[in-house]
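Asker: What follows is work-v7.cif, made up of mmCIF, C-alpha atoms and all ligand atoms:
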```
data_entry
loop_
_atom_site.label_atom_id
_atom_site.label_comp_id
_atom_site.auth_asym_id
_atom_site.auth_seq_id
_atom_site.Cartn_x
_atom_site.Cartn_y
_atom_site.Cartn_z
CA MET A 1255 157.19 56.63 75.27
CA ARG A 1256 157.23 53.17 76.75
CA PHE A 1257 156.64 49.92 74.83
CA GLU A 1258 156.15 46.64 76.62
CA THR A 1259 155.74 43.20 75.06
CA LEU A 1260 154.12 40.13 76.53
CA SER A 1261 155.10 36.89 74.77
CA VAL A 1262 156.64 33.47 75.23
CA PHE A 1263 159.79 34.63 73.40
CA PRO A 1264 160.87 37.78 75.28
CA GLY A 1265 164.44 37.35 74.03
CA VAL A 1266 163.79 37.97 70.34
CA PHE A 1267 163.34 41.75 70.44
CA GLY A 1268 166.59 43.08 71.87
CA GLN A 1269 168.96 42.89 68.94
CA TYR A 1270 166.62 44.70 66.58
CA PHE A 1271 165.51 47.34 69.07
CA ASP A 1272 169.10 48.10 70.12
CA ALA A 1273 170.34 48.66 66.54
CA SER A 1274 170.45 51.83 64.46
CA ILE A 1275 167.72 54.47 64.82
CA LEU A 1276 165.67 52.54 67.38
CA GLY A 1277 168.77 51.93 69.51
CA ARG A 1278 169.92 55.55 69.36
CA ALA A 1279 166.42 56.75 70.22
CA GLN A 1280 166.45 54.49 73.30
CA LYS A 1281 169.81 55.93 74.38
CA LYS A 1282 168.46 59.45 73.90
CA GLY A 1283 165.57 58.56 76.23
CA ILE A 1284 162.93 59.01 73.48
CA TRP A 1285 161.49 55.59 74.19
CA GLU A 1286 162.06 52.63 76.49
CA PHE A 1287 161.30 48.95 76.24
CA VAL A 1288 160.48 46.04 78.56
CA ALA A 1289 159.86 42.44 77.43
CA TYR A 1290 157.74 40.27 79.73
CA ASP A 1291 157.71 36.47 79.66
CA LEU A 1292 154.13 35.17 79.69
CA ARG A 1293 155.34 32.02 81.48
CA ASP A 1294 156.00 34.13 84.58
CA TRP A 1295 152.22 34.19 85.08
CA THR A 1296 151.77 30.39 85.07
CA HIS A 1297 151.51 28.31 88.25
CA ASP A 1298 152.40 24.77 87.21
CA ARG A 1299 155.79 23.11 87.13
CA HIS A 1300 155.92 23.08 83.31
CA ARG A 1301 154.88 26.75 83.04
CA THR A 1302 152.14 25.78 80.59
CA VAL A 1303 150.60 28.53 78.43
CA ASP A 1304 148.73 26.40 75.85
CA ASP A 1305 146.03 23.78 75.69
CA ALA A 1306 143.98 21.84 73.11
CA PRO A 1307 140.98 23.59 71.49
CA PHE A 1308 137.45 22.66 72.59
CA GLY A 1309 135.58 21.00 69.74
CA GLY A 1310 138.75 19.44 68.36
CA GLY A 1311 141.01 20.55 65.55
CA GLN A 1312 144.71 20.88 64.98
CA GLY A 1313 147.28 22.58 67.15
CA MET A 1314 147.20 24.27 70.51
CA LEU A 1315 145.67 27.50 71.77
CA MET A 1316 146.98 29.95 74.33
CA LYS A 1317 145.10 29.54 77.61
CA PRO A 1318 143.19 32.56 78.87
CA ALA A 1319 144.38 32.56 82.51
CA PRO A 1320 148.07 33.51 82.09
CA ILE A 1321 147.14 36.26 79.61
CA PHE A 1322 144.45 37.74 81.88
CA GLU A 1323 146.73 37.60 84.92
CA ALA A 1324 149.72 39.06 83.09
CA VAL A 1325 147.88 41.92 81.36
CA ARG A 1326 146.11 42.90 84.60
CA ASP A 1327 149.28 42.67 86.64
CA ILE A 1328 151.42 44.62 84.13
CA SER A 1329 148.67 47.23 83.66
CA SER A 1330 148.49 47.87 87.40
CA ARG A 1331 152.20 48.71 87.52
CA GLY A 1332 153.30 52.27 86.85
CA GLU A 1333 151.29 55.46 86.85
CA VAL A 1334 149.70 55.24 83.40
CA ARG A 1335 147.57 52.32 82.33
CA PRO A 1336 148.96 50.95 79.04
CA HIS A 1337 147.09 51.02 75.75
CA VAL A 1338 146.73 47.27 75.13
CA VAL A 1339 147.30 45.91 71.61
CA PHE A 1340 146.78 42.30 70.50
CA PHE A 1341 147.72 40.78 67.14
CA SER A 1342 145.72 38.50 64.89
CA PRO A 1343 145.09 38.02 61.16
CA CYS A 1344 141.50 38.85 62.18
CA GLY A 1345 142.47 42.33 63.41
CA ALA A 1346 142.26 45.73 61.72
CA ARG A 1347 145.02 46.35 59.17
CA PHE A 1348 147.96 48.19 60.77
CA ASP A 1349 148.86 51.25 58.69
CA GLN A 1350 150.61 54.62 58.93
CA ARG A 1351 147.50 56.27 60.41
CA ALA A 1352 147.44 53.65 63.16
CA ALA A 1353 151.17 54.23 63.77
CA GLU A 1354 150.53 57.98 64.09
CA ARG A 1355 147.72 57.32 66.55
CA LEU A 1356 149.85 54.96 68.65
CA ALA A 1357 152.69 57.51 68.71
CA GLN A 1358 150.39 59.72 70.84
CA GLN A 1359 150.25 57.08 73.59
CA GLU A 1360 152.51 57.23 76.61
CA ARG A 1361 152.54 53.49 77.26
CA VAL A 1362 151.68 50.60 74.92
CA LEU A 1363 151.53 46.90 75.82
CA LEU A 1364 151.87 44.58 72.81
CA VAL A 1365 150.51 41.08 73.44
CA CYS A 1366 151.94 38.49 71.06
CA GLY A 1367 150.17 35.26 70.22
CA ARG A 1368 151.73 31.91 69.24
CA TYR A 1369 150.56 28.45 68.19
CA GLU A 1370 147.05 28.54 66.66
CA GLY A 1371 146.32 31.81 68.44
CA MET A 1372 144.51 32.60 71.68
CA ASP A 1373 141.38 31.60 73.51
CA GLU A 1374 138.87 34.14 72.19
CA ARG A 1375 138.09 35.47 75.68
CA ALA A 1376 141.59 36.91 75.98
CA TYR A 1377 140.85 39.44 73.24
CA SER A 1378 138.43 41.23 75.58
CA LEU A 1379 141.55 42.69 77.23
CA ALA A 1380 142.56 44.47 74.01
CA ASP A 1381 142.01 48.15 73.28
CA GLU A 1382 142.75 47.28 69.66
CA VAL A 1383 143.65 44.23 67.60
CA PHE A 1384 145.98 44.67 64.64
CA SER A 1385 146.79 42.53 61.62
CA LEU A 1386 149.89 43.23 59.54
CA GLY A 1387 148.32 41.86 56.39
CA ASP A 1388 146.58 38.95 54.77
CA TYR A 1389 148.98 36.17 55.69
CA VAL A 1390 149.60 34.05 58.77
CA LEU A 1391 152.75 34.42 60.85
CA THR A 1392 153.95 31.87 63.38
CA GLY A 1393 153.81 34.46 66.16
CA GLY A 1394 152.95 38.03 67.09
CA GLU A 1395 156.56 38.98 67.92
CA LEU A 1396 157.33 40.11 64.36
CA ALA A 1397 154.11 42.10 64.32
CA ALA A 1398 155.15 43.78 67.59
CA MET A 1399 158.55 44.65 66.10
CA VAL A 1400 156.92 46.15 63.03
CA VAL A 1401 154.60 48.28 65.17
CA VAL A 1402 157.40 49.49 67.45
CA ASP A 1403 159.60 50.34 64.47
CA ALA A 1404 156.87 52.26 62.62
CA VAL A 1405 155.86 54.18 65.75
CA VAL A 1406 159.27 55.03 67.22
CA ARG A 1407 160.50 56.63 63.99
CA LEU A 1408 157.57 59.06 64.29
CA LEU A 1409 158.54 60.20 67.80
CA PRO A 1410 160.06 63.70 67.86
CA GLY A 1411 163.86 63.49 67.64
CA ALA A 1412 164.02 59.81 66.68
CA LEU A 1413 165.08 60.35 63.06
CA GLY A 1414 167.52 63.10 63.87
CA ASP A 1415 166.08 65.36 61.18
CA ASP A 1416 162.50 66.06 62.29
CA MET A 1417 161.42 66.74 58.75
CA SER A 1418 162.34 63.39 57.30
CA ALA A 1419 159.16 61.55 58.39
CA LYS A 1420 156.93 64.27 56.92
CA ASP A 1421 157.55 63.69 53.21
CA GLU A 1422 157.41 59.93 53.28
CA SER A 1423 155.01 57.46 51.76
CA PHE A 1424 151.50 57.65 53.30
CA SER A 1425 152.22 60.89 55.21
CA ASP A 1426 149.77 62.75 52.94
CA GLY A 1427 147.97 59.66 51.70
CA LEU A 1428 150.31 59.25 48.69
CA LEU A 1429 153.30 57.03 48.02
CA GLU A 1430 156.64 58.83 48.10
CA TYR A 1431 158.07 60.37 44.91
CA GLU A 1432 161.09 58.75 43.21
CA GLN A 1433 164.48 59.71 44.65
CA TYR A 1434 167.93 59.58 43.07
CA THR A 1435 171.53 60.07 44.14
CA ARG A 1436 174.85 60.31 42.27
CA PRO A 1437 175.82 59.53 39.55
CA ALA A 1438 173.43 61.53 37.34
CA ASP A 1439 174.08 59.03 34.55
CA TYR A 1440 174.48 55.40 35.59
CA ASP A 1441 175.28 53.23 32.63
CA GLY A 1442 172.98 55.27 30.37
CA ARG A 1443 170.17 55.47 32.95
CA ARG A 1444 169.72 59.18 33.54
CA VAL A 1445 168.23 60.91 36.55
CA PRO A 1446 165.18 63.08 35.63
CA GLU A 1447 166.62 66.37 34.31
CA VAL A 1448 164.49 68.59 36.56
CA LEU A 1449 166.23 67.25 39.68
CA LEU A 1450 169.56 68.57 38.38
CA SER A 1451 168.10 71.98 37.50
CA GLY A 1452 168.40 73.65 40.89
CA ASP A 1453 164.91 75.09 40.32
CA HIS A 1454 163.29 74.29 43.66
CA GLN A 1455 159.79 75.28 42.63
CA ALA A 1456 159.98 73.03 39.55
CA ILE A 1457 161.41 70.20 41.66
CA ARG A 1458 158.60 70.52 44.20
CA GLU A 1459 155.99 70.37 41.43
CA TRP A 1460 157.67 67.41 39.73
CA ARG A 1461 157.82 65.49 43.00
CA ARG A 1462 154.17 66.11 43.72
CA ARG A 1463 153.13 64.97 40.22
CA ASN A 1464 155.47 61.97 40.47
CA ALA A 1465 153.93 60.96 43.83
CA ILE A 1466 150.46 61.14 42.27
CA GLU A 1467 151.59 59.10 39.24
CA ARG A 1468 153.20 56.44 41.41
CA THR A 1469 150.22 56.18 43.71
CA LEU A 1470 147.88 55.87 40.76
CA ARG A 1471 150.06 53.15 39.33
CA TRP A 1472 150.76 50.96 42.37
CA ARG A 1473 148.11 51.88 44.92
CA PRO A 1474 145.13 53.53 43.20
CA ASP A 1475 143.05 52.64 46.30
CA LEU A 1476 144.97 55.31 48.24
CA LEU A 1477 144.09 58.19 45.90
CA GLU A 1478 140.47 58.37 46.98
CA SER A 1479 141.36 59.63 50.46
CA ALA A 1480 144.66 61.39 49.63
CA GLU A 1481 145.03 65.08 50.44
CA LEU A 1482 145.01 66.64 46.94
CA THR A 1483 144.26 70.14 45.69
CA GLU A 1484 141.59 70.64 42.99
CA GLU A 1485 144.34 70.99 40.45
CA GLU A 1486 146.05 67.77 41.58
CA ARG A 1487 142.78 65.88 41.47
CA ALA A 1488 142.27 67.10 37.91
CA TYR A 1489 145.79 65.92 37.06
CA ALA A 1490 145.05 62.48 38.54
CA ALA A 1491 141.79 62.28 36.56
CA GLU A 1492 143.68 63.21 33.39
CA LEU A 1493 146.18 60.41 34.06
CA VAL A 1494 143.38 57.91 34.60
CA ASP A 1495 141.82 58.91 31.26
CA GLY A 1496 145.23 58.68 29.60
CA SER A 1497 145.86 55.23 31.01
CA ARG A 1498 142.47 54.05 29.77
CA ALA A 1499 143.40 55.25 26.32
CA VAL A 1500 146.68 53.32 26.58
CA LEU A 1501 144.92 50.18 27.81
CA ASP A 1502 142.21 50.48 25.15
CA GLY A 1503 144.98 50.74 22.59
CA GLY A 1504 146.35 47.41 23.85
CA GLY A 1505 149.47 48.96 25.39
CA ASP A 1506 150.88 47.45 28.55
CA GLU A 1507 152.45 50.60 30.00
CA TRP A 1508 150.64 49.96 33.27
CA ALA A 1509 151.77 46.41 33.76
CA ARG A 1510 154.51 45.99 36.37
CA SER A 1511 157.79 45.44 34.58
N1 LIG B 1601 144.94 30.45 63.81
C1 LIG B 1601 145.05 31.86 63.63
C2 LIG B 1601 146.50 32.27 63.36
C3 LIG B 1601 147.39 32.16 64.55
S1 LIG B 1601 149.03 32.57 64.19
C4 LIG B 1601 144.17 32.27 62.44
O1 LIG B 1601 144.00 31.46 61.52
O2 LIG B 1601 143.68 33.40 62.42
C5 LIG B 1601 149.72 32.84 65.77
C6 LIG B 1601 149.89 34.27 66.19
O3 LIG B 1601 150.70 34.97 65.26
C7 LIG B 1601 148.61 35.09 66.30
O4 LIG B 1601 148.00 34.90 67.54
C8 LIG B 1601 149.13 36.51 66.15
O5 LIG B 1601 149.64 37.00 67.38
C9 LIG B 1601 150.31 36.34 65.20
N2 LIG B 1601 149.95 36.63 63.80
C10 LIG B 1601 149.78 35.74 62.80
N3 LIG B 1601 149.47 36.33 61.65
C11 LIG B 1601 149.45 37.65 61.89
C12 LIG B 1601 149.18 38.80 61.09
N4 LIG B 1601 148.87 38.72 59.80
N5 LIG B 1601 149.26 40.01 61.70
C13 LIG B 1601 149.57 40.13 63.01
N6 LIG B 1601 149.82 39.06 63.80
C14 LIG B 1601 149.76 37.85 63.26
#
```
Could you express the structure from this file as structure tokens?

Answerer:
Amino acid sequence: MRFETLSVFPGVFGQYFDASILGRAQKKGIWEFVAYDLRDWTHDRHRTVDDAPFGGGQGMLMKPAPIFEAVRDISSRGEVRPHVVFFSPCGARFDQRAAERLAQQERVLLVCGRYEGMDERAYSLADEVFSLGDYVLTGGELAAMVVVDAVVRLLPGALGDDMSAKDESFSDGLLEYEQYTRPADYDGRRVPEVLLSGDHQAIREWRRRNAIERTLRWRPDLLESAELTEEERAYAAELVDGSRAVLDGGGDEWARS
């Protein structure tokens, strides 16, 4: 897979992409990366990419011309046209499903905004527009790094052990179950007994129930569309009833400690 970025800060990606899992995956040829400098598609002496907004208001906007020229020029290179992604707080929320979809692409061009954002016409170049969440970043570079990171770890061979991405949070619509390592007793805090039992069937069942409990507690919105069996749905419903009883009784078991 090939990721390309278009931004005014092409130098910020390298150190992160060359480290650890992403770096090893590049060396193994699982993915490759090119950072383009938007200023290379300007024609004035100052290599200007921004201008004041029509109608007034604070800050500067990215001009349409360099973005149109760059995206068209980059897209025409190579055999496959890239899937073009823009970033904006006004985009669709980027999530694990979107990462899985992007991982099917051969070539993705990530276009990073700066300043107060872009001239609206530039967005017509996008196949999709993503937002990381409900907050405003100073630039799209961090968003691009998040997307690359989430996608590359899904590519076959990237994590070393192909199974390790399968059990994780969101893979089946649930948060991941709790995990523990040695010691079994840390300062009086004991690991759940079942995990020490060696009973793999019991461990599998505990993990599944634990994932449902955690999802219900921290992200109940996810449960609706999670892949659950009848039995698991019944268990979730039972928990919901139980929690209502607790809340009705004035308990605060469900408050984040
Ligand atoms: N004025 C815009 C924000 C511009 S922030 C607004 O109010 O909507 C500058 C750039 O940072 C954006 O063009 C985008 O590329 C990036 N950015 C900011 N917040 C983001 C978010 N939540 N998700 C993804 N990208 C974001």

Asker: Sorted by chain and rising residue number, list the residues of chain A at most 12 Å from ligand LIG 1601 (chain B) (counting all atoms listed in the file), each with its closest atom pair and distance in Å to one decimal, as a tab-separated table.

Answerer:
```
residue	atom	partner	partner_atom	distance
A:Thr1259	CA	B:LIG1601	O5	11.6
A:Leu1260	CA	B:LIG1601	O5	10.7
A:Ser1261	CA	B:LIG1601	O5	9.2
A:Val1262	CA	B:LIG1601	O5	11.1
A:Asp1304	CA	B:LIG1601	O4	11.9
A:Pro1307	CA	B:LIG1601	N1	11.0
A:Gly1311	CA	B:LIG1601	N1	10.8
A:Gln1312	CA	B:LIG1601	N1	9.6
A:Gly1313	CA	B:LIG1601	N1	8.9
A:Met1314	CA	B:LIG1601	N1	9.4
A:Leu1315	CA	B:LIG1601	N1	8.5
A:Met1316	CA	B:LIG1601	O4	8.5
A:Lys1317	CA	B:LIG1601	O4	11.8
A:Val1339	CA	B:LIG1601	O5	10.1
A:Phe1340	CA	B:LIG1601	O5	6.8
A:Phe1341	CA	B:LIG1601	O5	4.2
A:Ser1342	CA	B:LIG1601	C8	4.1
A:Pro1343	CA	B:LIG1601	N4	4.1
A:Cys1344	CA	B:LIG1601	O2	5.9
A:Gly1345	CA	B:LIG1601	N5	7.4
A:Ala1346	CA	B:LIG1601	N5	9.0
A:Arg1347	CA	B:LIG1601	N5	8.0
A:Phe1348	CA	B:LIG1601	N5	8.3
A:Asp1349	CA	B:LIG1601	N5	11.6
A:Leu1364	CA	B:LIG1601	O5	9.6
A:Val1365	CA	B:LIG1601	O5	7.4
A:Cys1366	CA	B:LIG1601	O5	4.6
A:Gly1367	CA	B:LIG1601	O5	3.4
A:Arg1368	CA	B:LIG1601	C5	4.1
A:Tyr1369	CA	B:LIG1601	C5	5.1
A:Glu1370	CA	B:LIG1601	N1	4.0
A:Gly1371	CA	B:LIG1601	O4	3.6
A:Met1372	CA	B:LIG1601	O4	5.9
A:Asp1373	CA	B:LIG1601	O4	9.5
A:Glu1374	CA	B:LIG1601	O4	10.3
A:Ala1376	CA	B:LIG1601	O4	10.8
A:Tyr1377	CA	B:LIG1601	O4	10.2
A:Glu1382	CA	B:LIG1601	C13	11.9
A:Val1383	CA	B:LIG1601	C13	8.5
A:Phe1384	CA	B:LIG1601	C13	6.0
A:Ser1385	CA	B:LIG1601	N5	3.5
A:Leu1386	CA	B:LIG1601	N5	3.9
A:Gly1387	CA	B:LIG1601	N4	4.7
A:Asp1388	CA	B:LIG1601	N4	5.5
A:Tyr1389	CA	B:LIG1601	N4	4.8
A:Val1390	CA	B:LIG1601	N3	3.7
A:Leu1391	CA	B:LIG1601	C10	3.8
A:Thr1392	CA	B:LIG1601	O3	4.9
A:Gly1393	CA	B:LIG1601	O3	3.3
A:Gly1394	CA	B:LIG1601	O5	3.5
A:Glu1395	CA	B:LIG1601	O5	7.2
A:Leu1396	CA	B:LIG1601	N6	7.6
A:Ala1397	CA	B:LIG1601	C13	5.1
A:Ala1398	CA	B:LIG1601	N6	8.1
A:Met1399	CA	B:LIG1601	C13	10.5
A:Val1400	CA	B:LIG1601	C13	9.5
A:Val1401	CA	B:LIG1601	C13	9.8
```

Asker: Need the shell around Ile1457 of chain A: protein/DNA/RNA residues with any atom at most 12 Å away, counting only C-alpha atoms. Skip same-chain ones fewer than 4 positions apart. Format as a ChimeraX atom specification?

Answerer: /A:1431-1433,1446-1453,1461-1464

Asker: Have a look at A:Leu1276, A:Ile1466, A:Ala1456, A:Ala1404 and name the one nearest to Glu1492 of chain A; count all atoms listed in the file.

Answerer: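 Result for the nearest residue to Glu1492 of chain A: A:Ile1466.
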
Asker: Given all atoms listed in the file as the basis, pick out the residue of A:Val1288, A:Asp1294, A:Phe1322, A:Arg1256 nearest to Val1334 of chain A.

Answerer: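 Among the listed residues, the smallest separation from Val1334 of chain A belongs to A:Arg1256.
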
Asker: Tell me, in Å to one decimal, how far atom CA of Gln1280 of chain A is from atom CA of Ser1425 of chain A.

Answerer: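 Interatomic distance here is 23.9 Å.
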
Asker: Using all atoms listed in the file for the distances, tell me which of A:Arg1468, A:Arg1278, A:Arg1498, A:Arg1443 is nearest to Arg1407 of chain A.

Answerer: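 Counting all atoms listed in the file, the residue closest to Arg1407 of chain A is A:Arg1278.
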